[in-house]
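What follows is the content of final.txt (compact mmCIF, C-alpha atoms and all ligand atoms).
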# COMPACT_ATOMS: atom_id res chain seq x y z
CA MET A 1 -42.79 -92.30 -72.57
CA LYS A 2 -40.43 -95.30 -72.31
CA LYS A 3 -38.00 -95.62 -75.23
CA ILE A 4 -37.33 -99.20 -76.20
CA LEU A 5 -34.80 -100.43 -78.73
CA ILE A 6 -35.35 -103.97 -80.02
CA ILE A 7 -32.39 -105.53 -81.79
CA GLY A 8 -33.12 -108.47 -84.09
CA ALA A 9 -36.59 -107.05 -84.73
CA ASN A 10 -37.17 -109.15 -87.88
CA GLY A 11 -36.61 -112.37 -85.96
CA PHE A 12 -39.23 -114.78 -84.66
CA THR A 13 -39.19 -113.56 -81.06
CA GLY A 14 -37.96 -110.03 -81.75
CA ARG A 15 -40.95 -109.22 -83.98
CA ARG A 16 -43.48 -110.52 -81.45
CA ILE A 17 -41.90 -108.40 -78.72
CA LEU A 18 -41.85 -105.37 -81.03
CA ASP A 19 -45.50 -105.82 -82.06
CA ASN A 20 -46.69 -106.22 -78.45
CA LEU A 21 -44.76 -103.25 -77.11
CA SER A 22 -45.63 -100.93 -79.97
CA ALA A 23 -49.34 -101.50 -79.21
CA ASP A 24 -48.69 -99.84 -75.82
CA ASP A 25 -49.11 -96.04 -75.92
CA ALA A 26 -46.65 -95.68 -73.04
CA CYS A 27 -43.80 -97.07 -75.20
CA GLU A 28 -41.89 -95.57 -78.12
CA VAL A 29 -40.42 -98.54 -79.98
CA VAL A 30 -37.50 -98.62 -82.37
CA GLY A 31 -36.67 -101.92 -84.06
CA CYS A 32 -33.43 -102.71 -85.79
CA SER A 33 -32.30 -105.71 -87.79
CA PHE A 34 -29.85 -106.79 -90.46
CA HIS A 35 -32.36 -106.98 -93.35
CA PRO A 36 -35.12 -104.49 -94.30
CA ASP A 37 -38.26 -104.37 -92.12
CA ILE A 38 -40.30 -107.54 -92.76
CA ARG A 39 -43.55 -105.73 -91.81
CA PRO A 40 -43.13 -101.97 -92.01
CA GLU A 41 -46.83 -101.14 -91.45
CA GLY A 42 -46.55 -101.37 -87.64
CA ASN A 43 -46.52 -98.56 -85.08
CA HIS A 44 -42.72 -98.48 -84.77
CA THR A 45 -39.68 -96.98 -86.40
CA PHE A 46 -37.09 -99.23 -87.97
CA VAL A 47 -33.38 -98.94 -88.60
CA ARG A 48 -31.36 -101.35 -90.71
CA LEU A 49 -28.13 -102.17 -88.94
CA ASP A 50 -25.37 -104.76 -88.60
CA ILE A 51 -24.55 -105.14 -84.90
CA ASN A 52 -20.98 -105.95 -85.91
CA ASP A 53 -20.65 -102.37 -87.20
CA TYR A 54 -19.75 -100.76 -83.86
CA PRO A 55 -19.65 -97.09 -85.04
CA ALA A 56 -23.17 -97.50 -86.51
CA VAL A 57 -24.38 -99.07 -83.24
CA GLU A 58 -22.98 -96.11 -81.30
CA VAL A 59 -24.75 -93.64 -83.60
CA LEU A 60 -28.03 -95.54 -83.12
CA PHE A 61 -27.71 -95.48 -79.31
CA ASP A 62 -26.88 -91.74 -79.36
CA HIS A 63 -29.88 -91.09 -81.58
CA VAL A 64 -32.46 -93.23 -79.71
CA CYS A 65 -31.17 -92.85 -76.10
CA PRO A 66 -33.10 -96.00 -75.11
CA ASP A 67 -34.37 -96.63 -71.59
CA VAL A 68 -34.43 -100.35 -72.38
CA VAL A 69 -32.62 -102.41 -75.01
CA VAL A 70 -33.90 -105.91 -75.85
CA ASN A 71 -31.41 -108.02 -77.78
CA CYS A 72 -33.10 -110.77 -79.79
CA SER A 73 -30.45 -110.82 -82.51
CA ALA A 74 -28.21 -113.86 -82.78
CA LEU A 75 -26.88 -116.46 -85.13
CA SER A 76 -29.34 -119.00 -83.76
CA VAL A 77 -28.88 -122.09 -85.95
CA PRO A 78 -26.57 -124.49 -84.11
CA ASP A 79 -25.38 -126.31 -87.28
CA TYR A 80 -24.43 -122.96 -88.87
CA CYS A 81 -22.55 -121.82 -85.75
CA GLU A 82 -20.64 -125.09 -85.61
CA GLN A 83 -19.38 -124.52 -89.19
CA HIS A 84 -18.92 -120.71 -89.01
CA ARG A 85 -17.25 -120.20 -85.66
CA GLU A 86 -15.69 -116.77 -86.21
CA GLU A 87 -18.97 -115.36 -87.47
CA ALA A 88 -20.87 -116.93 -84.56
CA TYR A 89 -18.39 -115.52 -82.04
CA ALA A 90 -18.57 -112.05 -83.62
CA THR A 91 -22.39 -111.85 -83.47
CA ASN A 92 -23.19 -113.86 -80.34
CA VAL A 93 -20.29 -112.71 -78.14
CA ALA A 94 -18.23 -109.72 -79.35
CA ALA A 95 -21.18 -107.68 -80.67
CA VAL A 96 -23.15 -108.47 -77.48
CA GLU A 97 -20.22 -107.21 -75.41
CA ASN A 98 -20.29 -103.99 -77.44
CA LEU A 99 -24.07 -103.65 -76.94
CA ALA A 100 -23.56 -104.12 -73.20
CA HIS A 101 -20.97 -101.30 -73.16
CA CYS A 102 -23.35 -99.05 -75.13
CA CYS A 103 -26.12 -99.78 -72.59
CA GLU A 104 -23.80 -98.87 -69.72
CA HIS A 105 -22.75 -95.68 -71.46
CA GLN A 106 -26.40 -94.63 -72.08
CA GLY A 107 -27.74 -95.87 -68.73
CA SER A 108 -30.07 -98.32 -70.56
CA ARG A 109 -31.44 -101.49 -69.00
CA PHE A 110 -30.31 -104.49 -71.09
CA ILE A 111 -32.58 -107.50 -71.64
CA HIS A 112 -30.63 -110.20 -73.49
CA LEU A 113 -32.07 -113.46 -74.85
CA SER A 114 -30.26 -116.73 -74.29
CA THR A 115 -30.90 -120.44 -74.43
CA ASP A 116 -31.22 -123.81 -72.68
CA PHE A 117 -28.29 -124.91 -74.91
CA VAL A 118 -25.90 -123.40 -72.34
CA PHE A 119 -26.47 -126.69 -70.43
CA ASP A 120 -25.12 -130.13 -71.29
CA GLY A 121 -28.48 -131.83 -70.67
CA LYS A 122 -27.05 -134.55 -68.46
CA SER A 123 -29.20 -133.59 -65.46
CA ASP A 124 -32.22 -135.70 -64.49
CA ARG A 125 -34.17 -132.64 -63.28
CA LEU A 126 -35.10 -129.21 -64.64
CA TYR A 127 -32.21 -126.73 -64.65
CA THR A 128 -32.40 -123.68 -62.39
CA GLU A 129 -30.63 -120.35 -62.82
CA GLU A 130 -28.06 -121.47 -60.22
CA ASP A 131 -26.91 -124.50 -62.25
CA LEU A 132 -23.55 -124.22 -63.93
CA PRO A 133 -23.60 -124.10 -67.75
CA ALA A 134 -21.50 -126.60 -69.72
CA PRO A 135 -22.50 -126.21 -73.39
CA LEU A 136 -22.20 -129.17 -75.77
CA ASN A 137 -22.05 -127.26 -79.05
CA TYR A 138 -20.41 -124.06 -80.29
CA TYR A 139 -23.73 -122.16 -80.49
CA GLY A 140 -24.17 -122.91 -76.76
CA VAL A 141 -20.59 -121.82 -76.05
CA THR A 142 -21.15 -118.46 -77.73
CA LYS A 143 -24.49 -117.92 -75.98
CA TYR A 144 -22.88 -118.66 -72.60
CA GLN A 145 -20.01 -116.27 -73.33
CA GLY A 146 -22.55 -113.62 -74.40
CA GLU A 147 -24.36 -114.06 -71.06
CA GLN A 148 -21.10 -113.65 -69.17
CA ALA A 149 -20.24 -110.45 -71.05
CA VAL A 150 -23.64 -108.93 -70.21
CA ALA A 151 -23.36 -109.91 -66.52
CA ASN A 152 -19.82 -108.55 -66.25
CA ILE A 153 -20.47 -105.23 -67.98
CA CYS A 154 -24.04 -104.16 -67.15
CA ARG A 155 -25.39 -102.90 -63.85
CA SER A 156 -29.05 -103.19 -64.89
CA TYR A 157 -29.65 -106.30 -66.95
CA ALA A 158 -31.70 -109.46 -67.27
CA ILE A 159 -30.86 -112.56 -69.27
CA ALA A 160 -33.96 -114.44 -70.46
CA ARG A 161 -33.20 -118.06 -71.34
CA VAL A 162 -35.86 -119.44 -73.67
CA VAL A 163 -36.39 -122.95 -75.10
CA VAL A 164 -37.78 -124.29 -78.43
CA VAL A 165 -39.84 -121.20 -79.18
CA TYR A 166 -42.98 -121.98 -81.19
CA GLY A 167 -45.95 -120.14 -82.65
CA LYS A 168 -46.94 -118.78 -86.01
CA ALA A 169 -44.01 -117.49 -88.03
CA LEU A 170 -44.35 -114.55 -90.44
CA PRO A 171 -43.13 -114.83 -94.03
CA GLY A 172 -39.35 -114.46 -93.99
CA GLN A 173 -38.94 -115.91 -90.49
CA HIS A 174 -37.66 -119.39 -89.68
CA GLY A 175 -40.21 -121.96 -88.54
CA ASN A 176 -40.01 -124.32 -85.57
CA ILE A 177 -40.25 -128.05 -85.00
CA LEU A 178 -43.95 -127.85 -84.04
CA GLN A 179 -44.81 -126.06 -87.28
CA LEU A 180 -42.66 -128.54 -89.21
CA VAL A 181 -44.52 -131.50 -87.69
CA LYS A 182 -47.87 -129.88 -88.57
CA ASN A 183 -46.80 -129.10 -92.15
CA ARG A 184 -45.42 -132.60 -92.75
CA LEU A 185 -48.43 -134.42 -91.35
CA GLU A 186 -50.83 -132.15 -93.27
CA ALA A 187 -48.93 -133.09 -96.44
CA GLY A 188 -49.23 -136.80 -95.52
CA GLN A 189 -45.46 -137.08 -95.07
CA GLU A 190 -43.55 -138.90 -92.35
CA ILE A 191 -41.38 -137.07 -89.85
CA ARG A 192 -38.59 -138.48 -87.71
CA VAL A 193 -38.51 -136.99 -84.23
CA VAL A 194 -36.17 -137.63 -81.34
CA SER A 195 -37.70 -139.48 -78.42
CA ASP A 196 -34.83 -138.88 -75.98
CA GLN A 197 -34.38 -135.08 -76.12
CA TYR A 198 -36.51 -133.34 -73.50
CA ARG A 199 -37.43 -129.65 -73.58
CA THR A 200 -39.80 -127.11 -72.02
CA PRO A 201 -41.22 -125.57 -75.23
CA THR A 202 -42.11 -121.88 -75.12
CA TRP A 203 -44.97 -120.10 -76.87
CA VAL A 204 -43.53 -116.98 -78.52
CA ALA A 205 -46.21 -114.82 -76.85
CA ASP A 206 -44.97 -116.01 -73.45
CA VAL A 207 -41.44 -114.89 -74.34
CA ALA A 208 -42.86 -111.43 -75.12
CA ASP A 209 -44.75 -111.42 -71.82
CA GLY A 210 -41.69 -112.55 -69.83
CA VAL A 211 -39.50 -109.90 -71.48
CA GLU A 212 -42.05 -107.19 -70.68
CA ARG A 213 -42.04 -108.29 -67.03
CA LEU A 214 -38.23 -108.16 -67.03
CA MET A 215 -38.34 -104.65 -68.48
CA ASN A 216 -40.62 -103.48 -65.69
CA THR A 217 -38.69 -104.90 -62.75
CA GLY A 218 -35.40 -103.58 -61.46
CA ASN A 219 -34.16 -107.13 -60.82
CA THR A 220 -30.81 -108.09 -62.26
CA GLY A 221 -29.75 -111.61 -63.22
CA ILE A 222 -30.77 -114.69 -65.18
CA TYR A 223 -34.40 -115.78 -65.63
CA HIS A 224 -35.73 -118.95 -67.25
CA ILE A 225 -38.65 -117.88 -69.44
CA CYS A 226 -40.21 -120.97 -71.00
CA GLY A 227 -43.21 -123.31 -70.86
CA ALA A 228 -44.07 -125.35 -67.76
CA GLU A 229 -44.43 -128.71 -69.57
CA HIS A 230 -41.37 -130.95 -69.80
CA LEU A 231 -41.72 -133.17 -72.86
CA SER A 232 -39.66 -135.16 -75.33
CA ILE A 233 -39.72 -133.88 -78.92
CA ALA A 234 -41.64 -137.06 -79.86
CA GLU A 235 -44.27 -136.30 -77.18
CA ILE A 236 -44.52 -132.74 -78.50
CA ALA A 237 -45.06 -134.11 -82.03
CA TYR A 238 -47.87 -136.42 -80.83
CA ARG A 239 -49.52 -133.49 -79.03
CA VAL A 240 -49.38 -131.47 -82.27
CA ALA A 241 -50.89 -134.37 -84.25
CA ASP A 242 -53.69 -134.87 -81.73
CA TYR A 243 -54.48 -131.17 -81.38
CA PHE A 244 -54.82 -130.67 -85.14
CA GLY A 245 -56.48 -134.05 -85.76
CA LEU A 246 -53.59 -135.27 -87.92
CA ASP A 247 -52.33 -138.81 -88.55
CA ARG A 248 -50.00 -139.66 -85.65
CA SER A 249 -48.83 -142.85 -87.39
CA LEU A 250 -46.69 -140.62 -89.65
CA ILE A 251 -44.55 -139.71 -86.62
CA ARG A 252 -41.40 -141.87 -86.41
CA PRO A 253 -39.78 -141.65 -82.97
CA VAL A 254 -36.02 -142.24 -83.15
CA THR A 255 -33.17 -141.99 -80.68
CA THR A 256 -30.56 -139.25 -80.89
CA GLU A 257 -28.08 -141.92 -81.95
CA GLU A 258 -30.34 -142.99 -84.82
CA MET A 259 -31.00 -139.36 -85.83
CA LYS A 260 -27.26 -138.78 -86.44
CA GLU A 261 -27.52 -134.99 -86.00
CA ALA A 262 -24.54 -133.04 -87.31
CA THR A 263 -24.36 -130.99 -84.09
CA PRO A 264 -24.57 -132.46 -80.58
CA ARG A 265 -27.64 -131.38 -78.61
CA PRO A 266 -28.42 -131.76 -74.88
CA ARG A 267 -30.62 -134.72 -73.94
CA ASN A 268 -32.55 -132.97 -71.18
CA SER A 269 -32.39 -129.20 -71.24
CA GLY A 270 -35.76 -128.45 -69.66
CA LEU A 271 -35.64 -125.29 -67.55
CA SER A 272 -37.36 -124.57 -64.24
CA ILE A 273 -39.50 -121.41 -64.21
CA GLY A 274 -39.83 -121.25 -60.41
CA LYS A 275 -37.81 -118.04 -60.14
CA ALA A 276 -39.77 -116.23 -62.89
CA LYS A 277 -43.06 -117.31 -61.27
CA ARG A 278 -41.98 -116.13 -57.82
CA GLU A 279 -40.24 -112.90 -58.74
CA LEU A 280 -42.09 -111.78 -61.88
CA GLY A 281 -45.53 -113.39 -61.59
CA TYR A 282 -44.78 -115.11 -64.94
CA ARG A 283 -47.44 -117.73 -65.84
CA PRO A 284 -46.93 -119.37 -69.26
CA HIS A 285 -49.73 -120.82 -71.35
CA THR A 286 -50.12 -124.56 -71.87
CA LEU A 287 -48.90 -126.17 -75.09
CA GLU A 288 -52.50 -126.55 -76.31
CA GLU A 289 -53.19 -122.85 -75.65
CA GLY A 290 -50.06 -121.89 -77.59
CA LEU A 291 -50.94 -124.22 -80.48
CA LYS A 292 -54.22 -122.37 -80.96
CA GLU A 293 -52.56 -119.56 -82.96
CA MET A 294 -51.05 -122.12 -85.34
CA ARG A 295 -54.61 -122.91 -86.52
CA LEU A 296 -54.63 -119.54 -88.26
CA LYS A 297 -53.69 -119.65 -91.92
N1 LIG B 301 -36.02 -119.81 -81.60
C1 LIG B 301 -35.75 -120.61 -80.59
O1 LIG B 301 -36.31 -121.72 -80.47
C2 LIG B 301 -34.77 -120.20 -79.54
C3 LIG B 301 -34.12 -118.99 -79.57
N2 LIG B 301 -33.22 -118.65 -78.58
C4 LIG B 301 -32.56 -117.34 -78.56
O2 LIG B 301 -33.58 -116.34 -78.62
C5 LIG B 301 -33.12 -115.25 -79.39
C6 LIG B 301 -34.08 -114.99 -80.54
O3 LIG B 301 -34.15 -116.15 -81.33
P1 LIG B 301 -35.03 -116.17 -82.65
O4 LIG B 301 -36.09 -115.13 -82.58
O5 LIG B 301 -35.36 -117.56 -82.95
O6 LIG B 301 -33.94 -115.70 -83.68
P2 LIG B 301 -34.08 -115.44 -85.23
O7 LIG B 301 -33.01 -116.21 -85.87
O8 LIG B 301 -35.49 -115.59 -85.67
O9 LIG B 301 -33.76 -113.89 -85.31
C7 LIG B 301 -32.52 -113.38 -85.08
C8 LIG B 301 -32.48 -112.02 -85.70
O10 LIG B 301 -31.16 -111.51 -85.51
C9 LIG B 301 -30.90 -110.67 -86.57
N3 LIG B 301 -29.48 -110.59 -86.78
C10 LIG B 301 -28.61 -111.61 -86.97
N4 LIG B 301 -27.36 -111.14 -87.19
C11 LIG B 301 -27.47 -109.78 -87.12
C12 LIG B 301 -26.55 -108.74 -87.28
N5 LIG B 301 -25.25 -108.97 -87.54
N6 LIG B 301 -26.99 -107.46 -87.15
C13 LIG B 301 -28.29 -107.21 -86.90
N7 LIG B 301 -29.21 -108.16 -86.76
C14 LIG B 301 -28.81 -109.44 -86.88
C15 LIG B 301 -31.57 -111.26 -87.79
O11 LIG B 301 -31.95 -110.17 -88.58
P3 LIG B 301 -32.52 -110.23 -90.10
O12 LIG B 301 -33.68 -111.18 -90.06
O13 LIG B 301 -32.92 -108.84 -90.35
O14 LIG B 301 -31.39 -110.73 -90.93
C16 LIG B 301 -32.74 -112.03 -87.18
O15 LIG B 301 -33.95 -111.40 -87.44
C17 LIG B 301 -31.70 -115.57 -79.80
O16 LIG B 301 -30.83 -115.03 -78.83
C18 LIG B 301 -31.63 -117.09 -79.72
O17 LIG B 301 -30.31 -117.51 -79.46
C19 LIG B 301 -32.97 -119.49 -77.54
C20 LIG B 301 -33.59 -120.70 -77.48
C21 LIG B 301 -34.55 -121.16 -78.44
C1 LIG B 302 -35.77 -130.62 -87.63
C2 LIG B 302 -36.00 -131.69 -86.59
C3 LIG B 302 -35.70 -131.46 -85.27
N1 LIG B 302 -35.89 -132.43 -84.35
C4 LIG B 302 -35.58 -132.15 -82.94
C5 LIG B 302 -34.16 -131.77 -82.62
C6 LIG B 302 -34.33 -130.83 -81.43
O1 LIG B 302 -34.39 -131.53 -80.20
C7 LIG B 302 -35.70 -130.17 -81.66
C8 LIG B 302 -35.67 -128.78 -82.26
O2 LIG B 302 -34.87 -128.84 -83.40
P1 LIG B 302 -34.51 -127.54 -84.29
O3 LIG B 302 -33.55 -127.96 -85.30
O4 LIG B 302 -35.78 -126.86 -84.65
O5 LIG B 302 -33.82 -126.60 -83.29
P2 LIG B 302 -32.57 -126.81 -82.37
O6 LIG B 302 -31.43 -126.29 -83.06
O7 LIG B 302 -32.41 -128.12 -81.74
O8 LIG B 302 -33.27 -125.96 -81.33
C9 LIG B 302 -32.73 -124.90 -80.72
O9 LIG B 302 -32.84 -123.66 -81.35
C10 LIG B 302 -31.85 -122.87 -80.77
C11 LIG B 302 -31.97 -121.49 -81.30
C12 LIG B 302 -31.88 -122.92 -79.29
O10 LIG B 302 -31.35 -122.06 -78.64
C13 LIG B 302 -32.42 -124.10 -78.59
O11 LIG B 302 -33.06 -123.73 -77.41
C14 LIG B 302 -33.33 -124.91 -79.38
O12 LIG B 302 -34.64 -124.48 -79.37
O13 LIG B 302 -36.38 -131.05 -82.53
C15 LIG B 302 -36.42 -133.67 -84.71
O14 LIG B 302 -36.60 -134.54 -83.85
N2 LIG B 302 -36.75 -133.91 -86.02
C16 LIG B 302 -36.55 -132.96 -86.98
O15 LIG B 302 -36.87 -133.21 -88.18

Would you write the structure of this file as structure tokens?
Amino acid sequence: MKKILIIGANGFTGRRILDNLSADDACEVVGCSFHPDIRPEGNHTFVRLDINDYPAVEVLFDHVCPDVVVNCSALSVPDYCEQHREEAYATNVAAVENLAHCCEHQGSRFIHLSTDFVFDGKSDRLYTEEDLPAPLNYYGVTKYQGEQAVANICRSYAIARVVVVYGKALPGQHGNILQLVKNRLEAGQEIRVVSDQYRTPTWVADVADGVERLMNTGNTGIYHICGAEHLSIAEIAYRVADYFGLDRSLIRPVTTEEMKEATPRPRNSGLSIGKAKRELGYRPHTLEEGLKEMRLK
């Protein structure tokens, strides 16, 4: 029986990973998160924990003795990180460093989630794992520093960089831009979307699949786990409108300059999945396949 500890198990990706793995009889799954379990009826155990409380983290590791640790916890809102730098550093860097030490101490494999926001987005092609990060905002800085801590401390690790994760959120979880577009158009409201920020959006189920593949390989290093389609946010919004038969005239494409976002974001942070395809057999779904689950009420 493989013992798996999922940190950030109430989060959008963490819960999907937890649900998928706990359906597998070969896995014993423990989830932990800052707030109480958002869906306690699953086939898992749950521990409430602040990853900044190092003694409590140590007790948890000693109790669970995990074979694999999947870290999906983070302060993941770039605007918040920009304004709360100490807090962002504590959770996205220092606590990750501590988790990496705990994994080394226990002999656990560490799968850590990261982001396309480690890149500056100035490239005219998809980024590979060999490209050098140069984050534009403080969230990206902390995520890059977290990656470096994991790589420096752990012998058995994988860093999964994901991009604009979408799918159906549970009550209590944050949504995503695709869901926001759908909700706004269904309500007959306009939405402004950037036409010059390009991404490779990722269905949340593909993140879970990619993470499972990373758990089951001995490979160490960074892997880009995202969708294969490279689209602007405006193109994504039109695809959502067309898929759900909604009024595309409510979509207002604007430039990043016109959007006046509080936090700088990369223009083109699409990631290449060549390495994950070659080494893991990872094959993501298309955007339309991923959108299917958002039909469900
Ligand atoms: N969503 C996206 O589009 C993208 C996400 N990523 C990365 O993927 C990972 C997962 O993202 P996502 O699922 O969206 O994240 P969420 O924000 O949905 O979830 C993060 C979870 O972390 C938990 N958490 C935060 N602080 C603490 C703490 N101090 N102690 C314990 N738990 C804590 C929260 O717990 P609780 O809910 O219990 O408070 C929350 O459930 C992150 O590393 C993020 O940076 C990268 C690119 C895109
Ligand atoms: C809310 C909103 C966003 N956007 C754009 C901005 C951005 O390019 C994209 C997604 O915006 P969001 O604010 O949802 O998320 P944003 O903070 O840009 O997205 C990031 O989340 C963190 C966790 C990451 O690590 C990144 O990979 C990325 O997915 O959509 C619009 O065009 N219109 C809108 O109304």

(message) At a cut-off of 9 Å, using all atoms listed in the file, what residues contact range 235-249 of chain A? Leave out same-chain residues fewer than 3 positions from it and give the result as a list in words.
(response)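 What passes the distance filter is Ile177, Leu178, Gln179, Val181, Lys182, Leu185, Glu186, Gly188, Glu190, Val193, Ser195, Pro201, Leu231, Ser232, Arg252, Leu287, Glu288, Leu291, Lys292 and Arg295 of chain A.
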
(request) Using only C-alpha atoms and all ligand atoms, determine which residues fall within 7 Å of ligand LIG 302 (chain B), then list them as a count of residues only. (result) 21

Could the residues of chain A that have an atom at most 6 Å from ligand LIG 301 (chain B) be listed as CSV, each with its closest atom pair and the distance in Å to one decimal, counting all atoms listed in the file and ordered by chain and ascending residue number?
residue,atom,partner,partner_atom,distance
A:Gly8,CA,B:LIG301,O10,3.9
A:Ala9,CA,B:LIG301,O15,5.8
A:Asn10,CA,B:LIG301,O15,4.0
A:Gly11,CA,B:LIG301,O15,3.2
A:Phe12,CA,B:LIG301,O4,3.8
A:Thr13,CA,B:LIG301,O4,3.8
A:Gly14,CA,B:LIG301,O4,5.5
A:Ser33,CA,B:LIG301,N7,4.1
A:Phe34,CA,B:LIG301,O13,3.7
A:His35,CA,B:LIG301,O13,3.6
A:Leu49,CA,B:LIG301,C13,5.4
A:Asp50,CA,B:LIG301,N6,3.5
A:Ile51,CA,B:LIG301,N6,4.0
A:Asn52,CA,B:LIG301,N5,5.5
A:Cys72,CA,B:LIG301,C6,4.4
A:Ser73,CA,B:LIG301,O10,3.2
A:Ala74,CA,B:LIG301,O10,4.7
A:Leu75,CA,B:LIG301,C10,5.5
A:Ser76,CA,B:LIG301,O17,4.7
A:Thr91,CA,B:LIG301,N5,5.7
A:Leu113,CA,B:LIG301,O16,4.5
A:Ser114,CA,B:LIG301,O16,4.9
A:Thr115,CA,B:LIG301,C19,3.9
A:Val162,CA,B:LIG301,C20,4.6
A:Val163,CA,B:LIG301,C21,4.2
A:Val164,CA,B:LIG301,O1,3.6
A:Val165,CA,B:LIG301,O1,3.8
A:Gln173,CA,B:LIG301,O8,5.9
A:His174,CA,B:LIG301,O8,5.9

Could you write out the selected residues, including C-alpha atoms, as an mmCIF file, in the coordinates of the input?
data_model
loop_
_atom_site.group_PDB
_atom_site.id
_atom_site.type_symbol
_atom_site.label_atom_id
_atom_site.label_comp_id
_atom_site.auth_asym_id
_atom_site.auth_seq_id
_atom_site.Cartn_x
_atom_site.Cartn_y
_atom_site.Cartn_z
ATOM 1 C CA GLY A 8 -33.120 -108.470 -84.090
ATOM 2 C CA ALA A 9 -36.590 -107.050 -84.730
ATOM 3 C CA ASN A 10 -37.170 -109.150 -87.880
ATOM 4 C CA GLY A 11 -36.610 -112.370 -85.960
ATOM 5 C CA PHE A 12 -39.230 -114.780 -84.660
ATOM 6 C CA THR A 13 -39.190 -113.560 -81.060
ATOM 7 C CA GLY A 14 -37.960 -110.030 -81.750
ATOM 8 C CA SER A 33 -32.300 -105.710 -87.790
ATOM 9 C CA PHE A 34 -29.850 -106.790 -90.460
ATOM 10 C CA HIS A 35 -32.360 -106.980 -93.350
ATOM 11 C CA LEU A 49 -28.130 -102.170 -88.940
ATOM 12 C CA ASP A 50 -25.370 -104.760 -88.600
ATOM 13 C CA ILE A 51 -24.550 -105.140 -84.900
ATOM 14 C CA ASN A 52 -20.980 -105.950 -85.910
ATOM 15 C CA CYS A 72 -33.100 -110.770 -79.790
ATOM 16 C CA SER A 73 -30.450 -110.820 -82.510
ATOM 17 C CA ALA A 74 -28.210 -113.860 -82.780
ATOM 18 C CA LEU A 75 -26.880 -116.460 -85.130
ATOM 19 C CA SER A 76 -29.340 -119.000 -83.760
ATOM 20 C CA THR A 91 -22.390 -111.850 -83.470
ATOM 21 C CA LEU A 113 -32.070 -113.460 -74.850
ATOM 22 C CA SER A 114 -30.260 -116.730 -74.290
ATOM 23 C CA THR A 115 -30.900 -120.440 -74.430
ATOM 24 C CA VAL A 162 -35.860 -119.440 -73.670
ATOM 25 C CA VAL A 163 -36.390 -122.950 -75.100
ATOM 26 C CA VAL A 164 -37.780 -124.290 -78.430
ATOM 27 C CA VAL A 165 -39.840 -121.200 -79.180
ATOM 28 C CA GLN A 173 -38.940 -115.910 -90.490
ATOM 29 C CA HIS A 174 -37.660 -119.390 -89.680
#

(request) Grab the CA of Asp67 in chain A to CA of Phe46 in chain A distance for me, in Å with one decimal place. (result)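 A separation of 16.8 Å between them.
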
(request) For CA of Thr142 in chain A and CA of Ile159 in chain A, quote the distance in Å rounded to one decimal. (result)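 CA of Ile159 in chain A lies 14.2 Å from CA of Thr142 in chain A.
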